[in-house]
file query.txt (compact mmCIF, C-alpha atoms)
# COMPACT_ATOMS: atom_id res chain seq x y z
CA MET T 347 111.96 67.99 97.28
CA LYS T 348 111.07 70.47 94.52
CA LEU T 349 109.17 73.66 95.30
CA ILE T 350 106.17 72.55 93.23
CA GLU T 351 105.97 69.34 95.24
CA ALA T 352 106.06 71.11 98.59
CA GLY T 353 103.42 73.73 97.71
CA GLU T 354 103.50 77.48 98.28
CA ASP T 355 102.28 77.46 101.89
CA ALA T 356 104.83 74.85 103.00
CA VAL T 357 107.65 76.70 101.25
CA VAL T 358 106.76 79.94 103.02
CA ARG T 359 106.60 78.20 106.41
CA GLU T 360 110.04 76.70 105.83
CA LEU T 361 111.61 80.01 104.80
CA VAL T 362 110.25 82.16 107.62
CA LYS T 363 110.47 79.84 110.61
CA GLN T 364 113.98 81.02 111.57
CA LEU T 365 113.48 84.74 110.96
CA ARG T 366 114.43 87.04 113.81
CA ILE T 367 111.91 89.62 115.06
CA ASP T 368 112.04 91.91 118.09
CA GLU T 369 109.44 93.14 120.55
CA ARG T 370 108.21 95.93 118.24
CA VAL T 371 106.68 93.33 115.89
CA GLU T 372 103.12 92.43 116.82
CA LEU T 373 102.65 90.18 113.79
CA GLY T 374 105.31 88.80 111.47
CA ALA T 375 105.19 86.61 108.38
CA GLY T 376 102.07 84.59 107.62
CA ASP T 377 99.27 87.16 107.49
CA ASP T 378 98.18 89.65 104.82
CA CYS T 379 100.55 92.25 106.30
CA ALA T 380 103.21 92.45 108.98
CA VAL T 381 102.23 94.61 111.96
CA VAL T 382 104.82 96.75 113.75
CA ARG T 383 104.35 99.08 116.72
CA VAL T 384 105.53 102.65 116.11
CA ALA T 385 105.40 105.80 118.24
CA LYS T 386 101.97 106.91 117.05
CA GLY T 387 100.21 103.59 116.62
CA ILE T 388 100.45 100.63 114.29
CA GLN T 389 102.33 100.38 110.99
CA LEU T 390 101.38 97.80 108.36
CA LEU T 391 104.02 96.46 105.95
CA LYS T 392 103.32 94.61 102.72
CA THR T 393 105.19 93.50 99.60
CA ASP T 394 103.66 91.97 96.48
CA CYS T 395 104.78 91.27 92.93
CA ILE T 396 103.31 90.59 89.51
CA ILE T 397 105.08 88.74 86.69
CA GLU T 398 104.38 88.73 82.95
CA GLY T 399 102.96 85.38 81.87
CA ILE T 400 101.50 84.67 85.32
CA HIS T 401 99.53 87.74 86.41
CA PHE T 402 99.13 89.38 82.99
CA THR T 403 99.98 88.67 79.36
CA ALA T 404 102.36 90.45 76.98
CA ASP T 405 99.43 92.14 75.18
CA THR T 406 97.78 93.48 78.35
CA ASP T 407 97.11 97.23 78.36
CA PRO T 408 100.17 98.55 80.27
CA GLN T 409 98.09 101.05 82.23
CA TRP T 410 96.16 98.18 83.81
CA ILE T 411 99.40 96.33 84.56
CA GLY T 412 100.47 99.28 86.71
CA TRP T 413 97.05 99.60 88.31
CA LYS T 414 97.01 95.92 89.25
CA ALA T 415 100.56 95.96 90.62
CA LEU T 416 99.74 98.57 93.24
CA CYS T 417 96.15 97.53 93.91
CA ARG T 418 97.16 93.97 94.83
CA ALA T 419 99.18 95.35 97.74
CA ILE T 420 96.40 97.80 98.64
CA SER T 421 93.99 94.86 98.86
CA ASP T 422 96.16 93.29 101.57
CA ILE T 423 96.12 96.53 103.55
CA ALA T 424 92.32 96.49 103.16
CA ALA T 425 92.22 92.95 104.55
CA MET T 426 93.70 94.25 107.81
CA GLY T 427 91.26 97.16 107.96
CA GLY T 428 94.12 99.60 107.43
CA GLU T 429 94.92 102.70 105.40
CA PRO T 430 97.73 102.62 102.78
CA LYS T 431 100.37 105.34 102.94
CA ASP T 432 103.70 105.07 101.04
CA ALA T 433 104.92 102.78 98.25
CA LEU T 434 108.24 101.77 96.69
CA ILE T 435 108.19 100.27 93.18
CA THR T 436 110.83 97.84 91.89
CA LEU T 437 110.62 97.07 88.19
CA ALA T 438 112.76 94.78 86.03
CA ALA T 439 112.15 95.04 82.27
CA ASN T 440 113.76 93.78 79.09
CA PRO T 441 115.98 96.57 77.64
CA GLN T 442 114.27 96.07 74.27
CA ALA T 443 110.91 97.18 75.69
CA GLU T 444 109.45 100.45 74.39
CA LEU T 445 109.81 103.48 76.66
CA SER T 446 106.22 104.52 75.90
CA TRP T 447 105.02 101.13 77.18
CA LEU T 448 106.90 101.64 80.44
CA ARG T 449 105.49 105.17 80.77
CA ASN T 450 101.97 103.77 80.54
CA ILE T 451 102.70 101.21 83.25
CA TYR T 452 103.70 104.09 85.51
CA ARG T 453 100.58 105.96 84.46
CA GLY T 454 98.58 103.06 85.91
CA LEU T 455 100.66 103.11 89.08
CA ARG T 456 100.05 106.86 89.43
CA ASP T 457 96.32 106.46 88.81
CA ALA T 458 96.07 103.90 91.60
CA ALA T 459 98.22 106.02 93.92
CA GLU T 460 96.10 109.12 93.34
CA THR T 461 92.84 107.19 93.72
CA TYR T 462 93.86 105.77 97.10
CA GLN T 463 95.98 108.72 98.29
CA ILE T 464 99.30 106.85 98.33
CA ASN T 465 102.74 108.45 98.01
CA LEU T 466 105.02 106.83 95.42
CA VAL T 467 108.28 107.59 97.18
CA GLY T 468 110.88 105.72 95.13
CA GLY T 469 112.05 102.24 94.22
CA GLU T 470 114.45 100.57 91.80
CA THR T 471 114.67 99.74 88.10
CA ALA T 472 116.74 96.94 86.62
CA ARG T 473 117.30 95.06 83.38
CA SER T 474 115.72 91.66 82.94
CA PRO T 475 116.46 89.18 80.12
CA GLY T 476 113.06 87.63 80.71
CA PRO T 477 109.51 88.75 81.42
CA LEU T 478 108.53 92.02 83.11
CA PHE T 479 108.58 91.88 86.91
CA ILE T 480 107.06 94.54 89.20
CA SER T 481 107.39 94.41 92.99
CA VAL T 482 105.56 96.81 95.32
CA ALA T 483 106.50 97.53 98.93
CA LEU T 484 103.66 99.36 100.70
CA THR T 485 103.24 100.79 104.18
CA GLY T 486 99.96 101.43 105.92
CA LYS T 487 98.58 102.46 109.26
CA ALA T 488 95.92 101.07 111.56
CA ASP T 489 94.44 101.95 114.92
CA ARG T 490 95.99 100.04 117.81
CA GLY T 491 93.73 97.10 118.67
CA ARG T 492 91.46 97.82 115.69
CA TYR T 493 92.84 95.79 112.84
CA ALA T 494 91.95 92.33 111.56
CA THR T 495 94.23 89.30 111.26
CA ARG T 496 93.70 85.79 109.90
CA SER T 497 94.05 84.14 113.29
CA GLY T 498 91.10 85.33 115.38
CA GLY T 499 88.30 83.11 114.08
CA LYS T 500 86.26 81.08 116.59
CA PRO T 501 84.01 78.01 116.29
CA GLY T 502 80.50 79.15 115.33
CA ASP T 503 81.61 82.25 113.44
CA CYS T 504 79.81 82.96 110.15
CA LEU T 505 81.64 83.49 106.85
CA TYR T 506 80.98 86.49 104.58
CA VAL T 507 82.47 87.99 101.43
CA THR T 508 82.19 91.58 100.20
CA GLY T 509 81.05 90.73 96.65
CA GLN T 510 80.43 88.11 94.00
CA LEU T 511 83.05 85.51 93.12
CA GLY T 512 84.27 83.99 89.85
CA GLY T 513 84.98 85.17 86.34
CA SER T 514 87.98 87.33 87.17
CA LEU T 515 89.72 86.62 83.86
CA LYS T 516 86.98 88.58 82.06
CA GLY T 517 88.75 91.71 83.28
CA LYS T 518 88.24 92.00 87.02
CA HIS T 519 91.72 90.60 87.76
CA LEU T 520 93.15 93.77 86.20
CA LYS T 521 90.58 96.48 86.86
CA PHE T 522 89.40 95.58 90.36
CA ARG T 523 89.07 98.17 93.10
CA PRO T 524 90.43 97.07 96.48
CA ARG T 525 87.81 96.92 99.23
CA LEU T 526 89.64 99.56 101.24
CA SER T 527 86.71 101.55 102.63
CA GLU T 528 84.82 98.33 103.33
CA GLY T 529 87.74 96.90 105.31
CA ARG T 530 88.09 100.03 107.43
CA TRP T 531 84.33 100.16 108.07
CA LEU T 532 84.19 96.50 109.08
CA VAL T 533 86.91 96.70 111.73
CA ARG T 534 85.47 99.90 113.17
CA HIS T 535 81.80 98.90 113.31
CA LEU T 536 81.57 95.10 113.56
CA PRO T 537 83.24 92.45 115.74
CA ILE T 538 85.34 91.08 112.87
CA ARG T 539 87.58 88.37 114.32
CA ALA T 540 89.40 87.19 111.19
CA MET T 541 89.72 88.55 107.64
CA MET T 542 91.81 88.19 104.48
CA ASP T 543 91.54 89.09 100.82
CA LEU T 544 90.69 86.52 98.14
CA SER T 545 93.59 86.47 95.71
CA ASP T 546 93.87 82.71 95.08
CA GLY T 547 90.17 81.82 95.23
CA LEU T 548 87.80 80.79 98.00
CA ALA T 549 88.81 77.12 97.74
CA SER T 550 92.47 78.01 98.41
CA ASP T 551 92.16 81.01 100.73
CA LEU T 552 89.43 79.83 103.10
CA PRO T 553 91.53 76.85 104.27
CA ARG T 554 94.36 79.32 105.01
CA LEU T 555 92.04 81.52 107.07
CA ALA T 556 90.74 78.48 108.96
CA ALA T 557 94.23 77.08 109.56
CA SER T 558 95.46 80.41 110.93
CA SER T 559 92.48 80.48 113.30
CA ARG T 560 92.84 76.76 114.14
CA VAL T 561 89.24 76.00 113.24
CA GLY T 562 87.45 74.00 110.58
CA PHE T 563 84.85 75.31 108.16
CA GLU T 564 81.70 74.32 106.33
CA ILE T 565 80.23 75.95 103.22
CA GLU T 566 76.70 75.75 101.89
CA LEU T 567 77.44 76.02 98.18
CA SER T 568 74.00 77.43 97.39
CA LYS T 569 74.84 80.49 99.51
CA VAL T 570 78.11 81.39 97.78
CA PRO T 571 77.57 84.65 95.81
CA VAL T 572 78.45 83.76 92.20
CA THR T 573 79.16 86.28 89.44
CA ARG T 574 76.51 86.24 86.71
CA GLY T 575 77.46 83.78 83.98
CA CYS T 576 79.83 81.80 86.22
CA THR T 577 79.52 78.38 87.86
CA ILE T 578 80.02 77.52 91.50
CA GLN T 579 83.37 75.95 90.54
CA ASP T 580 84.39 79.28 88.97
CA ALA T 581 83.47 81.04 92.20
CA LEU T 582 85.52 78.60 94.25
CA ARG T 583 88.62 78.29 92.09
CA ASP T 584 89.07 81.15 89.59
CA GLY T 585 90.99 83.35 92.03
CA GLU T 586 91.90 87.04 91.78
CA ASP T 587 88.50 88.19 93.04
CA TYR T 588 90.15 90.59 95.55
CA GLU T 589 87.04 90.55 97.72
CA LEU T 590 87.37 90.37 101.49
CA LEU T 591 86.59 87.12 103.26

call {"tool": "encode", "arguments": {"input": "query.txt", "output": "structure tokens"}}
result
Amino acid sequence: MKLIEAGEDAVVRELVKQLRIDERVELGAGDDCAVVRVAKGIQLLKTDCIIEGIHFTADTDPQWIGWKALCRAISDIAAMGGEPKDALITLAANPQAELSWLRNIYRGLRDAAETYQINLVGGETARSPGPLFISVALTGKADRGRYATRSGGKPGDCLYVTGQLGGSLKGKHLKFRPRLSEGRWLVRHLPIRAMMDLSDGLASDLPRLAASSRVGFEIELSKVPVTRGCTIQDALRDGEDYELL
């Protein structure tokens, strides 16, 4: 069976089902972040990557490429109600790329790190014969017992999102701001039982949230908050909204 035939979720389940974890791990693969117990509380662990031709185009402003690369991982920390801390950046670029272009990518990474008070502590660079590839490994922290997962939803729960959906390709998919303060506020002030960020679109991500919580779901389409100028189908399927669900 080819990967495209199996689908992303099935591939991930197949790859992680034999992974070893010890008693320090509260939550392993399958959520927005892994959750590990440490001496002073809870550590969140996340990796994410962006690839030229999939997440951005060759003519994209390099500063926004860097911004997006780090902010995608930050959005997953936000989905747990956590606080991002330290990041490692792995970048593979064609050796014919301009150094000034690469500098501007790192300018975007630095802008995001400074905005959200993250330490860029190292990483790796490599040559690539193909498109640019950036991978981010990010740590975070959360209060013990006060973080959100995908698996706590119950029958009768209501669904909410933190903003309007659809139209991300008009620029939001690059210049979005992760809902970090909103995620922290929600887990500290409301009985949030399940949460994730919307990277693939409501139509793809809501079934994942429901499956993790072992519940079904029902949507009244008239109540979905749609970005001005977009259709309900845009709101359901465009993806890369980076709102919290």

call {"tool": "closest_residue", "arguments": {"input": "query.txt", "among": "T:Val362, T:Leu484, T:Val371, T:Leu582", "to": "Ile388 of chain T", "atoms": "only C-alpha atoms"}}
result
T:Val371

call {"tool": "atom_distance", "arguments": {"input": "query.txt", "atom1": "atom CA of Val572 of chain T", "atom2": "atom CA of Ser421 of chain T"}}
result
20.2 Å

call {"tool": "atom_distance", "arguments": {"input": "query.txt", "atom1": "atom CA of Leu448 of chain T", "atom2": "atom CA of Cys417 of chain T"}}
result
17.7 Å

call {"tool": "closest_residue", "arguments": {"input": "query.txt", "among": "T:Gly469, T:Gly513, T:Gly412, T:Gly499", "to": "Thr436 of chain T", "atoms": "all atoms listed in the file"}}
result
T:Gly469

call {"tool": "atom_distance", "arguments": {"input": "query.txt", "atom1": "atom CA of Asp432 of chain T", "atom2": "atom CA of Lys487 of chain T"}}
result
10.0 Å

call {"tool": "residues_around", "arguments": {"input": "query.txt", "residues": "Asp377 of chain T", "least_positions_apart": "2", "cutoff": "10 Å", "atoms": "all atoms listed in the file", "output": "ChimeraX atom specification"}}
result
/T:373-375,379-381,392,422,425-426,494-497,541-542,554-555,558

call {"tool": "decode", "arguments": {"input": "query.txt", "residues": "segment 398-429 of chain T", "atoms": "N, CA and C atoms", "output": "mmCIF file, in the first residue's frame"}}
result
data_model
loop_
_atom_site.group_PDB
_atom_site.id
_atom_site.type_symbol
_atom_site.label_atom_id
_atom_site.label_comp_id
_atom_site.auth_asym_id
_atom_site.auth_seq_id
_atom_site.Cartn_x
_atom_site.Cartn_y
_atom_site.Cartn_z
ATOM 1 N N GLU T 398 9.287 23.898 0.897
ATOM 2 C CA GLU T 398 9.025 24.719 -0.287
ATOM 3 C C GLU T 398 8.172 23.939 -1.294
ATOM 4 N N GLY T 399 7.154 24.594 -1.823
ATOM 5 C CA GLY T 399 6.258 23.954 -2.765
ATOM 6 C C GLY T 399 5.035 23.348 -2.113
ATOM 7 N N ILE T 400 5.059 23.217 -0.786
ATOM 8 C CA ILE T 400 3.909 22.697 -0.036
ATOM 9 C C ILE T 400 3.372 23.747 0.923
ATOM 10 N N HIS T 401 4.248 24.317 1.728
ATOM 11 C CA HIS T 401 3.832 25.300 2.735
ATOM 12 C C HIS T 401 4.114 26.740 2.322
ATOM 13 N N PHE T 402 4.922 26.927 1.303
ATOM 14 C CA PHE T 402 5.225 28.248 0.761
ATOM 15 C C PHE T 402 5.776 28.058 -0.637
ATOM 16 N N THR T 403 5.834 29.129 -1.410
ATOM 17 C CA THR T 403 6.338 29.055 -2.783
ATOM 18 C C THR T 403 7.731 29.673 -2.870
ATOM 19 N N ALA T 404 8.400 29.456 -3.997
ATOM 20 C CA ALA T 404 9.771 29.932 -4.168
ATOM 21 C C ALA T 404 9.872 31.447 -4.097
ATOM 22 N N ASP T 405 8.781 32.166 -4.439
ATOM 23 C CA ASP T 405 8.825 33.626 -4.427
ATOM 24 C C ASP T 405 8.273 34.238 -3.143
ATOM 25 N N THR T 406 8.024 33.412 -2.121
ATOM 26 C CA THR T 406 7.548 33.927 -0.840
ATOM 27 C C THR T 406 8.629 34.769 -0.170
ATOM 28 N N ASP T 407 8.218 35.877 0.444
ATOM 29 C CA ASP T 407 9.136 36.718 1.216
ATOM 30 C C ASP T 407 9.841 35.841 2.260
ATOM 31 N N PRO T 408 11.167 35.731 2.221
ATOM 32 C CA PRO T 408 11.865 34.800 3.117
ATOM 33 C C PRO T 408 11.657 35.105 4.599
ATOM 34 N N GLN T 409 11.436 36.370 4.936
ATOM 35 C CA GLN T 409 11.187 36.688 6.339
ATOM 36 C C GLN T 409 9.942 35.974 6.859
ATOM 37 N N TRP T 410 8.899 35.894 6.007
ATOM 38 C CA TRP T 410 7.665 35.241 6.424
ATOM 39 C C TRP T 410 7.797 33.720 6.400
ATOM 40 N N ILE T 411 8.727 33.202 5.611
ATOM 41 C CA ILE T 411 9.017 31.764 5.671
ATOM 42 C C ILE T 411 9.534 31.412 7.061
ATOM 43 N N GLY T 412 10.496 32.195 7.550
ATOM 44 C CA GLY T 412 11.038 31.961 8.884
ATOM 45 C C GLY T 412 10.002 32.135 9.973
ATOM 46 N N TRP T 413 9.213 33.190 9.859
ATOM 47 C CA TRP T 413 8.143 33.437 10.847
ATOM 48 C C TRP T 413 7.208 32.237 10.916
ATOM 49 N N LYS T 414 6.751 31.765 9.750
ATOM 50 C CA LYS T 414 5.813 30.645 9.721
ATOM 51 C C LYS T 414 6.431 29.384 10.299
ATOM 52 N N ALA T 415 7.686 29.123 9.981
ATOM 53 C CA ALA T 415 8.328 27.893 10.438
ATOM 54 C C ALA T 415 8.276 27.761 11.952
ATOM 55 N N LEU T 416 8.577 28.835 12.663
ATOM 56 C CA LEU T 416 8.564 28.772 14.120
ATOM 57 C C LEU T 416 7.144 28.868 14.673
ATOM 58 N N CYS T 417 6.307 29.706 14.059
ATOM 59 C CA CYS T 417 4.969 29.924 14.605
ATOM 60 C C CYS T 417 4.071 28.705 14.469
ATOM 61 N N ARG T 418 4.312 27.844 13.477
ATOM 62 C CA ARG T 418 3.542 26.605 13.390
ATOM 63 C C ARG T 418 3.746 25.751 14.648
ATOM 64 N N ALA T 419 4.986 25.646 15.097
ATOM 65 C CA ALA T 419 5.257 24.869 16.310
ATOM 66 C C ALA T 419 4.697 25.572 17.542
ATOM 67 N N ILE T 420 4.793 26.896 17.583
ATOM 68 C CA ILE T 420 4.237 27.653 18.701
ATOM 69 C C ILE T 420 2.739 27.411 18.808
ATOM 70 N N SER T 421 2.056 27.331 17.662
ATOM 71 C CA SER T 421 0.612 27.107 17.663
ATOM 72 C C SER T 421 0.238 25.786 18.334
ATOM 73 N N ASP T 422 1.088 24.771 18.177
ATOM 74 C CA ASP T 422 0.818 23.495 18.847
ATOM 75 C C ASP T 422 1.030 23.592 20.353
ATOM 76 N N ILE T 423 2.014 24.364 20.778
ATOM 77 C CA ILE T 423 2.176 24.624 22.216
ATOM 78 C C ILE T 423 0.933 25.346 22.737
ATOM 79 N N ALA T 424 0.436 26.317 21.966
ATOM 80 C CA ALA T 424 -0.772 27.056 22.354
ATOM 81 C C ALA T 424 -1.958 26.121 22.515
ATOM 82 N N ALA T 425 -2.053 25.112 21.649
ATOM 83 C CA ALA T 425 -3.176 24.182 21.693
ATOM 84 C C ALA T 425 -3.196 23.343 22.964
ATOM 85 N N MET T 426 -2.072 23.259 23.655
ATOM 86 C CA MET T 426 -2.011 22.542 24.930
ATOM 87 C C MET T 426 -2.200 23.499 26.113
ATOM 88 N N GLY T 427 -2.267 24.799 25.822
ATOM 89 C CA GLY T 427 -2.337 25.784 26.891
ATOM 90 C C GLY T 427 -1.001 26.025 27.543
ATOM 91 N N GLY T 428 0.099 25.785 26.783
ATOM 92 C CA GLY T 428 1.435 25.892 27.351
ATOM 93 C C GLY T 428 2.157 27.170 26.990
ATOM 94 N N GLU T 429 3.417 27.226 27.391
ATOM 95 C CA GLU T 429 4.287 28.380 27.153
ATOM 96 C C GLU T 429 5.557 27.897 26.459
#
